[in-house]
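Note: the block below is my_file.tsv and it holds TSV, C-alpha atoms.
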```tsv
chain	number	residue	atom	x	y	z
A	30	MET	CA	57.08	11.38	2.13
A	31	GLU	CA	55.37	9.99	-0.90
A	32	THR	CA	51.76	8.85	-0.43
A	33	THR	CA	51.40	5.49	-2.03
A	34	ARG	CA	48.23	4.13	-3.50
A	35	ARG	CA	48.15	1.66	-0.60
A	36	ASP	CA	48.28	4.46	2.03
A	37	PHE	CA	45.62	6.41	0.27
A	38	LEU	CA	43.25	3.43	0.09
A	39	MET	CA	43.89	2.52	3.74
A	40	VAL	CA	43.15	6.01	5.03
A	41	GLY	CA	40.16	6.41	2.74
A	42	THR	CA	38.64	3.11	3.81
A	43	LYS	CA	39.17	3.91	7.50
A	44	LEU	CA	37.42	7.23	7.05
A	45	LEU	CA	34.50	5.65	5.30
A	46	VAL	CA	34.11	2.89	7.90
A	47	MET	CA	34.35	5.38	10.75
A	48	THR	CA	31.74	7.66	9.20
A	49	ALA	CA	29.37	4.78	8.62
A	50	ALA	CA	29.92	3.44	12.13
A	51	THR	CA	29.31	6.88	13.65
A	52	ALA	CA	26.14	7.27	11.61
A	53	ALA	CA	24.85	3.84	12.61
A	54	ALA	CA	25.64	4.47	16.28
A	55	LEU	CA	23.98	7.85	16.17
A	56	GLU	CA	20.88	6.44	14.55
A	57	HIS	CA	20.73	3.76	17.24
A	58	VAL	CA	21.05	6.36	20.00
A	59	LEU	CA	18.47	8.67	18.45
A	60	ALA	CA	16.02	5.81	17.95
A	61	GLY	CA	15.97	5.19	21.69
A	62	ALA	CA	14.16	2.26	23.26
A	63	PRO	CA	11.44	0.66	21.11
A	64	GLU	CA	7.95	1.65	22.18
A	65	ALA	CA	6.09	-1.02	24.08
A	66	ALA	CA	3.42	-2.63	21.93
A	67	ALA	CA	-0.07	-1.51	22.90
A	68	ALA	CA	-1.52	-4.48	24.71
A	69	GLY	CA	-5.06	-4.71	23.42
A	70	PRO	CA	-7.54	-7.55	23.13
A	71	TYR	CA	-7.10	-7.52	19.34
A	72	ASN	CA	-4.00	-9.31	18.10
A	73	THR	CA	-3.26	-9.03	14.38
A	74	ALA	CA	-1.40	-12.33	14.42
A	75	GLU	CA	-4.57	-14.22	15.32
A	76	HIS	CA	-6.62	-13.23	12.27
A	77	TRP	CA	-6.60	-13.52	8.51
A	78	TRP	CA	-9.58	-11.74	7.06
A	79	ALA	CA	-11.42	-12.59	3.88
A	80	MET	CA	-14.84	-11.97	2.41
A	81	LEU	CA	-17.38	-14.41	0.98
A	82	ILE	CA	-19.84	-13.06	-1.57
A	83	ASP	CA	-22.71	-15.25	-2.72
A	84	VAL	CA	-23.73	-13.91	-6.12
A	85	GLU	CA	-26.83	-16.12	-6.09
A	86	LYS	CA	-28.12	-14.28	-3.03
A	87	CYS	CA	-27.52	-10.69	-4.14
A	88	ILE	CA	-30.75	-8.85	-4.92
A	89	GLY	CA	-29.10	-5.56	-5.91
A	90	GLY	CA	-30.83	-3.43	-3.29
A	91	GLY	CA	-27.75	-1.29	-2.70
A	92	HIS	CA	-27.92	-1.56	1.11
A	93	CYS	CA	-24.20	-2.34	1.24
A	94	VAL	CA	-23.29	0.68	-0.89
A	95	ARG	CA	-25.30	3.07	1.27
A	96	ALA	CA	-24.07	1.58	4.54
A	97	CYS	CA	-20.46	1.75	3.37
A	98	LYS	CA	-20.75	5.40	2.40
A	99	THR	CA	-22.30	6.27	5.76
A	100	GLU	CA	-20.00	4.21	7.92
A	101	ASN	CA	-16.81	5.36	6.21
A	102	ASN	CA	-17.81	8.91	5.32
A	103	VAL	CA	-17.14	8.27	1.64
A	104	VAL	CA	-17.61	11.28	-0.64
A	105	ASP	CA	-21.29	11.29	-1.53
A	106	GLU	CA	-20.83	11.68	-5.26
A	107	PRO	CA	-20.80	9.17	-8.07
A	108	MET	CA	-17.42	7.60	-8.86
A	109	TYR	CA	-16.34	7.40	-5.23
A	110	PHE	CA	-17.10	3.93	-3.93
A	111	ARG	CA	-15.47	1.52	-1.56
A	112	THR	CA	-18.05	-1.04	-2.56
A	113	TRP	CA	-20.53	-1.01	-5.41
A	114	VAL	CA	-22.90	-3.38	-7.18
A	115	GLU	CA	-22.73	-4.17	-10.88
A	116	ARG	CA	-25.56	-5.62	-12.95
A	117	TYR	CA	-24.48	-8.12	-15.59
A	118	HIS	CA	-26.70	-8.98	-18.49
A	119	ILE	CA	-25.61	-11.87	-20.65
A	120	ASN	CA	-27.30	-12.19	-23.98
A	121	MET	CA	-27.16	-15.84	-24.99
A	122	SER	CA	-26.28	-14.93	-28.57
A	123	ASP	CA	-23.08	-13.21	-27.39
A	124	PRO	CA	-22.14	-14.62	-23.98
A	125	ASP	CA	-18.56	-13.36	-24.12
A	126	HIS	CA	-19.60	-9.72	-24.11
A	127	PRO	CA	-21.88	-9.13	-21.16
A	128	ILE	CA	-23.58	-5.76	-20.78
A	129	VAL	CA	-22.57	-4.26	-17.43
A	130	ASP	CA	-24.15	-1.29	-15.73
A	131	SER	CA	-23.98	0.18	-12.25
A	132	PRO	CA	-26.09	3.33	-12.02
A	133	ASN	CA	-24.46	5.41	-9.29
A	134	GLY	CA	-22.80	2.26	-8.00
A	135	GLY	CA	-26.20	0.70	-7.42
A	136	ILE	CA	-26.66	2.91	-4.37
A	137	ASN	CA	-30.41	3.23	-4.99
A	138	GLY	CA	-30.90	-0.24	-6.39
A	139	PHE	CA	-31.63	-1.03	-10.01
A	140	SER	CA	-34.67	-0.16	-12.05
A	141	GLU	CA	-36.09	-2.76	-14.39
A	142	LYS	CA	-34.22	-2.76	-17.67
A	143	TYR	CA	-34.22	-6.21	-19.23
A	144	ALA	CA	-37.20	-8.31	-20.32
A	145	ASP	CA	-37.79	-11.63	-18.60
A	146	GLY	CA	-36.38	-14.54	-20.57
A	147	ASP	CA	-34.07	-12.30	-22.58
A	148	GLY	CA	-30.78	-13.80	-21.46
A	149	LYS	CA	-29.41	-13.91	-17.94
A	150	THR	CA	-29.27	-10.96	-15.55
A	151	PHE	CA	-27.61	-10.94	-12.15
A	152	PHE	CA	-25.90	-8.64	-9.64
A	153	VAL	CA	-22.25	-8.76	-8.60
A	154	PRO	CA	-21.12	-6.78	-5.55
A	155	LYS	CA	-17.58	-5.51	-5.95
A	156	MET	CA	-15.10	-4.26	-3.38
A	157	CYS	CA	-11.41	-4.32	-2.51
A	158	ASN	CA	-10.18	-7.90	-2.72
A	159	HIS	CA	-7.69	-7.39	0.12
A	160	CYS	CA	-5.13	-9.29	-1.93
A	161	ALA	CA	-2.43	-11.22	-0.11
A	162	ASP	CA	0.04	-10.10	-2.82
A	163	SER	CA	-1.59	-6.84	-3.77
A	164	PRO	CA	-0.27	-4.92	-6.77
A	165	CYS	CA	-1.37	-1.62	-5.21
A	166	THR	CA	0.93	-1.96	-2.19
A	167	GLN	CA	3.87	-3.02	-4.36
A	168	VAL	CA	3.82	0.15	-6.42
A	169	CYS	CA	3.53	2.65	-3.55
A	170	PRO	CA	6.74	4.69	-3.57
A	171	VAL	CA	6.43	6.00	-0.01
A	172	GLY	CA	5.19	3.04	2.06
A	173	ALA	CA	1.76	4.62	2.48
A	174	THR	CA	-0.20	1.50	1.66
A	175	PHE	CA	0.41	-1.94	3.00
A	176	ARG	CA	-1.12	-5.28	3.87
A	177	THR	CA	-1.45	-5.82	7.59
A	178	ASN	CA	-0.57	-9.06	9.34
A	179	ASP	CA	-4.27	-9.87	9.53
A	180	GLY	CA	-4.70	-9.59	5.78
A	181	VAL	CA	-6.26	-6.15	5.31
A	182	VAL	CA	-4.91	-3.65	2.78
A	183	LEU	CA	-4.88	-0.17	4.31
A	184	VAL	CA	-3.78	3.35	3.40
A	185	ASP	CA	-1.69	5.59	5.66
A	186	LYS	CA	-3.21	9.00	4.96
A	187	ASP	CA	-0.30	10.77	6.65
A	188	TYR	CA	2.20	9.20	4.27
A	189	CYS	CA	0.21	9.19	1.02
A	190	VAL	CA	1.48	11.79	-1.42
A	191	GLY	CA	-1.45	11.31	-3.83
A	192	CYS	CA	0.60	10.08	-6.78
A	193	ARG	CA	-2.20	7.71	-7.94
A	194	TYR	CA	0.12	4.83	-8.78
A	195	CYS	CA	-1.99	2.51	-6.64
A	196	VAL	CA	-5.21	3.65	-8.32
A	197	GLN	CA	-3.77	2.53	-11.63
A	198	ALA	CA	-2.20	-0.63	-10.26
A	199	CYS	CA	-5.38	-2.08	-8.77
A	200	PRO	CA	-6.77	-4.54	-11.34
A	201	TYR	CA	-10.19	-4.37	-9.71
A	202	GLY	CA	-10.68	-0.60	-9.80
A	203	CYS	CA	-11.15	-0.46	-6.04
A	204	ARG	CA	-9.16	2.69	-5.26
A	205	TYR	CA	-9.86	6.35	-5.75
A	206	LEU	CA	-8.32	9.64	-4.78
A	207	ASP	CA	-10.32	11.33	-2.04
A	208	PRO	CA	-11.01	14.84	-3.41
A	209	ARG	CA	-11.03	16.30	0.13
A	210	THR	CA	-7.61	15.08	1.24
A	211	HIS	CA	-6.03	14.30	-2.15
A	212	THR	CA	-4.88	10.99	-0.76
A	213	ALA	CA	-5.70	7.48	-1.95
A	214	ASP	CA	-8.67	5.85	-0.30
A	215	LYS	CA	-10.24	2.43	-0.39
A	216	CYS	CA	-12.18	-0.22	1.51
A	217	THR	CA	-10.62	-0.91	4.92
A	218	LEU	CA	-12.83	-3.97	5.41
A	219	CYS	CA	-14.20	-1.75	8.20
A	220	TYR	CA	-10.97	-2.30	10.13
A	221	HIS	CA	-12.34	-0.04	12.87
A	222	ARG	CA	-15.19	-2.52	13.34
A	223	LEU	CA	-13.22	-5.76	12.90
A	224	THR	CA	-10.79	-4.74	15.62
A	225	LYS	CA	-13.75	-4.22	17.96
A	226	GLY	CA	-15.28	-7.60	17.19
A	227	LEU	CA	-17.98	-6.30	14.84
A	228	VAL	CA	-18.62	-7.18	11.20
A	229	PRO	CA	-18.14	-4.64	8.38
A	230	ALA	CA	-21.09	-2.32	7.76
A	231	CYS	CA	-21.90	-3.88	4.35
A	232	VAL	CA	-22.07	-7.34	5.93
A	233	GLU	CA	-24.18	-6.01	8.80
A	234	VAL	CA	-26.86	-4.55	6.55
A	235	CYS	CA	-26.99	-7.13	3.73
A	236	PRO	CA	-30.58	-8.41	4.01
A	237	THR	CA	-29.95	-11.73	2.27
A	238	GLY	CA	-26.60	-12.69	3.77
A	239	ALA	CA	-24.91	-12.43	0.38
A	240	ARG	CA	-21.87	-10.96	2.11
A	241	GLN	CA	-20.07	-12.79	4.89
A	242	ILE	CA	-16.86	-11.85	6.64
A	243	ALA	CA	-14.47	-14.76	7.21
A	244	ASP	CA	-11.55	-15.14	9.59
A	245	LEU	CA	-9.50	-17.86	7.97
A	246	LYS	CA	-7.20	-18.18	10.99
A	247	ASN	CA	-10.16	-19.11	13.17
A	248	PRO	CA	-10.56	-22.88	12.81
A	249	ASN	CA	-14.18	-22.64	13.94
A	250	ASP	CA	-15.21	-20.15	11.27
A	251	PRO	CA	-18.00	-21.69	9.13
A	252	ALA	CA	-16.26	-20.09	6.11
A	253	HIS	CA	-13.84	-23.02	5.91
A	254	GLU	CA	-16.60	-25.50	5.18
A	255	TYR	CA	-18.31	-23.03	2.89
A	256	LEU	CA	-15.13	-22.63	0.84
A	257	ARG	CA	-14.68	-26.41	0.62
A	258	THR	CA	-18.21	-27.25	-0.42
A	259	HIS	CA	-19.03	-24.44	-2.85
A	260	LYS	CA	-17.91	-23.49	-6.31
A	261	ILE	CA	-15.68	-20.62	-5.29
A	262	GLN	CA	-13.94	-18.25	-7.65
A	263	VAL	CA	-11.97	-15.05	-7.30
A	264	LEU	CA	-11.87	-12.19	-9.78
A	265	LYS	CA	-8.99	-12.17	-12.28
A	266	PRO	CA	-7.20	-15.25	-10.90
A	267	GLN	CA	-4.72	-15.02	-13.77
A	268	MET	CA	-3.23	-11.91	-12.14
A	269	ALA	CA	-2.09	-13.94	-9.10
A	270	THR	CA	-2.99	-11.19	-6.67
A	271	GLY	CA	-4.02	-13.59	-3.93
A	272	ALA	CA	-7.48	-12.01	-3.91
A	273	LYS	CA	-9.43	-12.80	-0.75
A	274	VAL	CA	-12.94	-11.92	-1.82
A	275	TYR	CA	-14.34	-15.34	-2.61
A	276	TYR	CA	-17.36	-15.45	-4.91
A	277	ASN	CA	-19.84	-18.29	-4.93
A	278	GLY	CA	-21.83	-18.88	-8.10
A	279	LEU	CA	-19.87	-16.40	-10.16
A	280	ASP	CA	-20.55	-16.47	-13.89
A	281	GLY	CA	-17.39	-16.87	-15.97
A	282	ALA	CA	-18.32	-13.75	-17.91
A	283	VAL	CA	-17.73	-11.50	-14.88
A	284	ARG	CA	-14.60	-9.41	-15.16
B	17	MET	CA	55.62	18.65	3.76
B	18	ASN	CA	55.79	17.75	0.14
B	19	ARG	CA	53.41	18.31	-2.69
B	20	SER	CA	51.69	14.94	-2.57
B	21	PHE	CA	50.61	15.42	1.08
B	22	LYS	CA	48.81	18.62	0.11
B	23	ASP	CA	46.74	16.62	-2.34
B	24	PHE	CA	45.96	14.22	0.44
B	25	GLU	CA	44.81	17.03	2.72
B	26	HIS	CA	42.43	18.13	0.06
B	27	LEU	CA	40.88	14.67	0.05
B	28	ILE	CA	40.47	14.76	3.83
B	29	ARG	CA	38.50	18.00	3.56
B	30	LEU	CA	36.24	16.36	1.03
B	31	ALA	CA	35.77	13.33	3.24
B	32	ALA	CA	34.96	15.57	6.22
B	33	LEU	CA	32.33	17.36	4.16
B	34	PHE	CA	30.88	14.01	3.13
B	35	ALA	CA	30.81	12.86	6.76
B	36	CYS	CA	29.00	16.02	7.82
B	37	GLY	CA	26.42	15.50	5.09
B	38	LEU	CA	25.88	11.92	6.12
B	39	LEU	CA	25.56	12.95	9.75
B	40	LEU	CA	23.02	15.62	8.88
B	41	PHE	CA	21.04	13.12	6.78
B	42	THR	CA	21.03	10.59	9.61
B	43	VAL	CA	19.90	13.13	12.18
B	44	VAL	CA	17.12	14.50	9.98
B	45	ARG	CA	15.98	11.02	9.00
B	46	ALA	CA	15.92	9.83	12.61
B	47	GLU	CA	13.91	12.92	13.50
B	48	TYR	CA	11.26	12.49	10.81
B	49	VAL	CA	10.86	8.74	10.32
B	50	PRO	CA	8.73	7.20	13.10
B	51	LYS	CA	10.72	4.99	15.40
B	52	ASP	CA	8.68	1.89	14.63
B	53	PHE	CA	8.69	2.34	10.84
B	54	GLY	CA	9.45	-0.95	9.17
B	55	LYS	CA	8.58	-3.04	12.20
B	56	TYR	CA	6.21	-5.27	10.18
B	57	GLY	CA	7.01	-4.10	6.65
B	58	HIS	CA	7.73	-0.96	4.69
B	59	TYR	CA	5.08	1.09	6.46
B	60	ARG	CA	4.24	2.94	9.68
B	61	PRO	CA	2.51	0.53	12.10
B	62	GLY	CA	0.74	3.49	13.71
B	63	ALA	CA	-1.36	3.79	10.55
B	64	MET	CA	-3.26	0.66	11.60
B	65	ALA	CA	-4.30	2.31	14.85
B	66	ASP	CA	-5.26	5.47	12.92
B	67	VAL	CA	-7.59	3.49	10.65
B	68	ALA	CA	-8.96	1.49	13.57
B	69	ALA	CA	-9.76	4.71	15.44
B	70	ARG	CA	-12.47	5.73	12.94
B	71	PRO	CA	-15.80	6.44	14.64
B	72	MET	CA	-18.55	3.95	13.90
B	73	THR	CA	-22.16	4.63	12.90
B	74	TYR	CA	-23.67	1.14	12.84
B	75	ALA	CA	-24.17	-0.42	16.26
B	76	GLY	CA	-24.65	-4.02	15.16
B	77	ARG	CA	-27.59	-6.30	15.87
B	78	ALA	CA	-26.24	-7.49	19.23
B	79	ARG	CA	-26.45	-3.95	20.60
B	80	CYS	CA	-30.07	-3.57	19.42
B	81	THR	CA	-31.04	-6.87	21.03
B	82	GLU	CA	-29.86	-5.65	24.43
B	83	CYS	CA	-32.95	-3.40	24.70
B	84	HIS	CA	-35.29	-4.60	21.96
B	85	GLU	CA	-35.34	-8.33	22.54
B	86	ASP	CA	-39.15	-8.39	22.17
B	87	THR	CA	-38.92	-7.05	18.62
B	88	VAL	CA	-36.19	-9.52	17.74
B	89	ASP	CA	-38.39	-12.34	19.11
B	90	GLU	CA	-41.25	-11.07	16.98
B	91	MET	CA	-39.12	-11.57	13.88
B	92	LEU	CA	-38.05	-15.11	14.76
B	93	PRO	CA	-40.83	-17.08	13.03
B	94	ALA	CA	-40.57	-15.03	9.84
B	95	LYS	CA	-38.00	-15.04	7.08
B	96	HIS	CA	-37.10	-11.50	8.10
B	97	LYS	CA	-35.32	-12.89	11.18
B	98	VAL	CA	-32.03	-12.93	9.24
B	99	ILE	CA	-32.18	-9.20	8.50
B	100	SER	CA	-30.23	-6.87	10.74
B	101	CYS	CA	-32.20	-4.07	12.42
B	102	GLU	CA	-30.05	-1.39	10.82
B	103	THR	CA	-30.76	-2.67	7.29
B	104	CYS	CA	-34.15	-0.95	7.47
B	105	HIS	CA	-33.79	1.43	10.41
B	106	GLY	CA	-30.47	2.93	9.35
B	107	PRO	CA	-27.28	3.47	11.36
B	108	LEU	CA	-28.20	3.63	15.04
B	109	LEU	CA	-25.04	3.72	17.10
B	110	LYS	CA	-25.93	7.18	18.40
B	111	HIS	CA	-29.32	5.87	19.50
B	112	ALA	CA	-27.69	2.83	21.11
B	113	ASP	CA	-25.27	5.04	23.06
B	114	ASP	CA	-27.98	7.48	24.06
B	115	PRO	CA	-31.61	6.28	23.79
B	116	GLU	CA	-32.72	9.93	23.86
B	117	VAL	CA	-31.50	10.26	20.28
B	118	ALA	CA	-34.57	9.14	18.37
B	119	PRO	CA	-33.98	6.68	15.52
B	120	LEU	CA	-35.16	7.58	12.05
B	121	LYS	CA	-38.53	6.22	11.07
B	122	ALA	CA	-38.20	3.58	8.39
B	123	ASP	CA	-39.54	4.96	5.13
B	124	GLY	CA	-42.29	2.41	4.40
B	125	GLN	CA	-43.14	1.35	0.90
B	126	ALA	CA	-39.91	2.40	-0.76
B	127	LEU	CA	-38.01	0.33	1.78
B	128	CYS	CA	-40.08	-2.81	1.11
B	129	LEU	CA	-39.78	-2.41	-2.63
B	130	ARG	CA	-36.01	-2.11	-2.52
B	131	CYS	CA	-35.92	-5.83	-1.88
B	132	HIS	CA	-39.32	-6.96	-3.13
B	133	ALA	CA	-39.94	-5.04	-6.34
B	134	ALA	CA	-39.87	-7.39	-9.32
B	135	ASN	CA	-36.64	-7.15	-11.28
B	136	THR	CA	-35.21	-9.65	-13.73
B	137	GLY	CA	-31.81	-9.37	-12.09
B	138	LYS	CA	-33.06	-10.66	-8.74
B	139	PRO	CA	-32.52	-14.34	-8.04
B	140	SER	CA	-35.65	-16.45	-8.60
B	141	HIS	CA	-35.89	-17.47	-4.93
B	142	GLN	CA	-36.36	-13.84	-3.84
B	143	PRO	CA	-40.08	-13.12	-3.28
B	144	THR	CA	-40.92	-10.15	-5.48
B	145	VAL	CA	-44.09	-8.35	-6.60
B	146	VAL	CA	-45.12	-5.72	-9.07
B	147	ALA	CA	-46.52	-3.25	-6.55
B	148	LYS	CA	-49.34	-1.96	-8.75
B	149	ASP	CA	-50.66	-5.45	-9.53
B	150	HIS	CA	-50.07	-6.78	-6.03
B	151	SER	CA	-51.73	-4.19	-3.83
B	152	ASP	CA	-53.14	-1.53	-6.11
B	153	GLU	CA	-53.04	1.67	-4.05
B	154	ASP	CA	-52.64	0.07	-0.64
B	155	THR	CA	-49.39	0.44	1.27
B	156	CYS	CA	-47.45	-2.71	2.14
B	157	THR	CA	-48.13	-2.25	5.84
B	158	ALA	CA	-51.92	-2.36	5.31
B	159	CYS	CA	-51.56	-6.15	5.13
B	160	HIS	CA	-48.00	-7.03	6.24
B	161	LYS	CA	-46.23	-6.32	9.49
B	162	PRO	CA	-42.64	-5.48	8.58
B	163	HIS	CA	-41.10	-7.51	11.42
B	164	ASP	CA	-43.23	-10.57	10.64
B	165	PRO	CA	-44.71	-10.14	7.17
B	166	ARG	CA	-46.32	-13.59	6.90
B	167	MET	CA	-50.01	-13.48	5.96
B	168	ASP	CA	-50.89	-16.77	7.68
B	169	GLN	CA	-49.60	-15.90	11.15
B	170	GLU	CA	-51.76	-16.75	14.17
```
Turn the structure described in the file into structure tokens.
Amino acid sequence: METTRRDFLMVGTKLLVMTAATAAALEHVLAGAPEAAAAGPYNTAEHWWAMLIDVEKCIGGGHCVRACKTENNVVDEPMYFRTWVERYHINMSDPDHPIVDSPNGGINGFSEKYADGDGKTFFVPKMCNHCADSPCTQVCPVGATFRTNDGVVLVDKDYCVGCRYCVQACPYGCRYLDPRTHTADKCTLCYHRLTKGLVPACVEVCPTGARQIADLKNPNDPAHEYLRTHKIQVLKPQMATGAKVYYNGLDGAVR
Amino acid sequence: MNRSFKDFEHLIRLAALFACGLLLFTVVRAEYVPKDFGKYGHYRPGAMADVAARPMTYAGRARCTECHEDTVDEMLPAKHKVISCETCHGPLLKHADDPEVAPLKADGQALCLRCHAANTGKPSHQPTVVAKDHSDEDTCTACHKPHDPRMDQE
């Protein structure tokens, strides 16, 4: 008996389909019944978190930086920050090139540096923007970082392989590699506090109320009116990251 | 049996090998990938619970008020009413859970000056002083009570 091309293709296709079907069935069997969702008082579908930062209220005391390091056990060395404060100095003769400094992230405040009347000086707190379309989650090759349904960008330390793609992808410089675990780390918006009905540590300790947490899915949140009635900007809007840290009174020179 | 069927048999062996490989891959993958992976997106939903399980250090003002309502009332007439207790007193969840754990004593002058030392970067509405000119050698608390620092209080 001669095997025709037709026979060969028929048998080959059947084999392939059967193998695939067996594999799919086996996977289904091995997966078992889906685990019941943990019924807790916190439902991710009911929240959409954002942050309001009022630059005009920031006094650069560094309370937020210290509180964040304590609350989140951030490595207590310079260059590891989940939030930090930058000082901008704009000399009126060259407004496009502001002088920016952040001694140790502003953790101990700022010493006097500029003379009164010599241009404009102000503080800008920085942190993860918890972007709705975050570049850092898009580049992760292993699904170790993601945006939750309630709008918080988190890192799965068990999955992170420490490749640093996300550190490079973040346009705001908000990520670092934790030298203890060699995994990426960043602001969690104090997810452990939000899910218990508390505000993030930086918001809790800010003495002037320059930082406010906002739940944009809560129609009664005063943030809605604040966003409507103030001159709100986000950092690097041209990057279309869907940044959710909304700045009031931000100078156009801030990068 | 003719020659062409032998060729065919050879292909079946290859296909069987391929099937075994696929089966092995499926079994290993099912074993290692969490069952709920990909439920919301390309990630492990359990990671959210892991992050949320972090221990806290800051109790929050509401917890402080449960026991120290008198102090909170003391602050009410002053501008300092908006400041959370833990801004000056530090993280106090341990103290809130067990009052036996003594809170740290706020570190006086340095603490006041963090917010009130003159600095060109501070917004103009923030009350600031140059400590030397303002009080000479005196500490802040010689004149001001931290919870209600107004000078003209009754």
Could you give me, as JSON lines, every chain B residue with an atom at most 8 Å from chain A, plus its closest atom pair and distance in Å to one decimal, counting all atoms listed in the file, rows ordered by chain then number?
```
{"residue": "B:Met17", "atom": "CA", "partner": "A:Met30", "partner_atom": "CA", "distance": 7.6}
{"residue": "B:Asn18", "atom": "CA", "partner": "A:Met30", "partner_atom": "CA", "distance": 6.8}
{"residue": "B:Ser20", "atom": "CA", "partner": "A:Glu31", "partner_atom": "CA", "distance": 6.4}
{"residue": "B:Phe21", "atom": "CA", "partner": "A:Thr32", "partner_atom": "CA", "distance": 6.8}
{"residue": "B:Phe24", "atom": "CA", "partner": "A:Phe37", "partner_atom": "CA", "distance": 7.8}
{"residue": "B:Ala31", "atom": "CA", "partner": "A:Leu44", "partner_atom": "CA", "distance": 7.4}
{"residue": "B:Ala35", "atom": "CA", "partner": "A:Thr48", "partner_atom": "CA", "distance": 5.8}
{"residue": "B:Leu38", "atom": "CA", "partner": "A:Ala52", "partner_atom": "CA", "distance": 7.2}
{"residue": "B:Leu39", "atom": "CA", "partner": "A:Ala52", "partner_atom": "CA", "distance": 6.0}
{"residue": "B:Thr42", "atom": "CA", "partner": "A:Ala52", "partner_atom": "CA", "distance": 6.4}
{"residue": "B:Val43", "atom": "CA", "partner": "A:Glu56", "partner_atom": "CA", "distance": 7.2}
{"residue": "B:Ala46", "atom": "CA", "partner": "A:Glu56", "partner_atom": "CA", "distance": 6.3}
{"residue": "B:Glu47", "atom": "CA", "partner": "A:Leu59", "partner_atom": "CA", "distance": 8.0}
{"residue": "B:Lys51", "atom": "CA", "partner": "A:Ala60", "partner_atom": "CA", "distance": 5.9}
{"residue": "B:Asp52", "atom": "CA", "partner": "A:Pro63", "partner_atom": "CA", "distance": 7.1}
{"residue": "B:Tyr56", "atom": "CA", "partner": "A:Asn178", "partner_atom": "CA", "distance": 7.8}
{"residue": "B:Gly57", "atom": "CA", "partner": "A:Phe175", "partner_atom": "CA", "distance": 7.8}
{"residue": "B:His58", "atom": "CA", "partner": "A:Gly172", "partner_atom": "CA", "distance": 5.4}
{"residue": "B:Tyr59", "atom": "CA", "partner": "A:Gly172", "partner_atom": "CA", "distance": 4.8}
{"residue": "B:Arg60", "atom": "CA", "partner": "A:Asp185", "partner_atom": "CA", "distance": 7.6}
{"residue": "B:Ala63", "atom": "CA", "partner": "A:Asp185", "partner_atom": "CA", "distance": 5.2}
{"residue": "B:Met64", "atom": "CA", "partner": "A:Leu183", "partner_atom": "CA", "distance": 7.5}
{"residue": "B:Val67", "atom": "CA", "partner": "A:His221", "partner_atom": "CA", "distance": 6.3}
{"residue": "B:Ala68", "atom": "CA", "partner": "A:His221", "partner_atom": "CA", "distance": 3.8}
{"residue": "B:Ala69", "atom": "CA", "partner": "A:His221", "partner_atom": "CA", "distance": 6.0}
{"residue": "B:Arg70", "atom": "CA", "partner": "A:His221", "partner_atom": "CA", "distance": 5.8}
{"residue": "B:Pro71", "atom": "CA", "partner": "A:His221", "partner_atom": "CA", "distance": 7.6}
{"residue": "B:Met72", "atom": "CA", "partner": "A:Glu100", "partner_atom": "CA", "distance": 6.2}
{"residue": "B:Thr73", "atom": "CA", "partner": "A:Glu100", "partner_atom": "CA", "distance": 5.4}
{"residue": "B:Tyr74", "atom": "CA", "partner": "A:Ala230", "partner_atom": "CA", "distance": 6.7}
{"residue": "B:Gly76", "atom": "CA", "partner": "A:Glu233", "partner_atom": "CA", "distance": 6.7}
{"residue": "B:Arg77", "atom": "CA", "partner": "A:Glu233", "partner_atom": "CA", "distance": 7.9}
{"residue": "B:Val98", "atom": "CA", "partner": "A:Pro236", "partner_atom": "CA", "distance": 7.1}
{"residue": "B:Ile99", "atom": "CA", "partner": "A:Pro236", "partner_atom": "CA", "distance": 4.8}
{"residue": "B:Ser100", "atom": "CA", "partner": "A:Val234", "partner_atom": "CA", "distance": 5.9}
{"residue": "B:Cys101", "atom": "CA", "partner": "A:Val234", "partner_atom": "CA", "distance": 8.0}
{"residue": "B:Glu102", "atom": "CA", "partner": "A:Val234", "partner_atom": "CA", "distance": 6.2}
{"residue": "B:Thr103", "atom": "CA", "partner": "A:Val234", "partner_atom": "CA", "distance": 4.4}
{"residue": "B:Pro107", "atom": "CA", "partner": "A:Ala96", "partner_atom": "CA", "distance": 7.8}
{"residue": "B:Arg130", "atom": "CA", "partner": "A:Gly90", "partner_atom": "CA", "distance": 5.4}
{"residue": "B:Cys131", "atom": "CA", "partner": "A:Gly90", "partner_atom": "CA", "distance": 5.8}
{"residue": "B:Ala134", "atom": "CA", "partner": "A:Glu141", "partner_atom": "CA", "distance": 7.8}
{"residue": "B:Asn135", "atom": "CA", "partner": "A:Glu141", "partner_atom": "CA", "distance": 5.4}
{"residue": "B:Thr136", "atom": "CA", "partner": "A:Asp145", "partner_atom": "CA", "distance": 5.9}
{"residue": "B:Gly137", "atom": "CA", "partner": "A:Phe151", "partner_atom": "CA", "distance": 4.5}
{"residue": "B:Lys138", "atom": "CA", "partner": "A:Ile88", "partner_atom": "CA", "distance": 4.8}
{"residue": "B:Pro139", "atom": "CA", "partner": "A:Glu85", "partner_atom": "CA", "distance": 6.3}
{"residue": "B:Gln142", "atom": "CA", "partner": "A:Ile88", "partner_atom": "CA", "distance": 7.6}
```
To one decimal place, how far is CA of Asp244 in chain A from CA of Asp179 in chain A in Å?
9.0 Å
Applying 10 Å and all atoms listed in the file, which residues near range 148-162 of chain B remain after dropping the ones on its own chain fewer than 3 positions away? List them as a VMD selection string.
chain B and resid 91 94 96 104 124 to 129 144 to 145 165 to 167
Would you kindly return, as a list of chain:residue names, each protein, DNA or RNA residue with an atom no farther than 8 Å from any atom of range 267-274 of chain A, considering all atoms listed in the file and excluding same-chain residues fewer than 5 positions away?
A:Trp78, A:Ala79, A:Met80, A:Leu81, A:Ile82, A:Cys157, A:Asn158, A:His159, A:Cys160, A:Ala161, A:Asp162, A:Ser163, A:Pro164
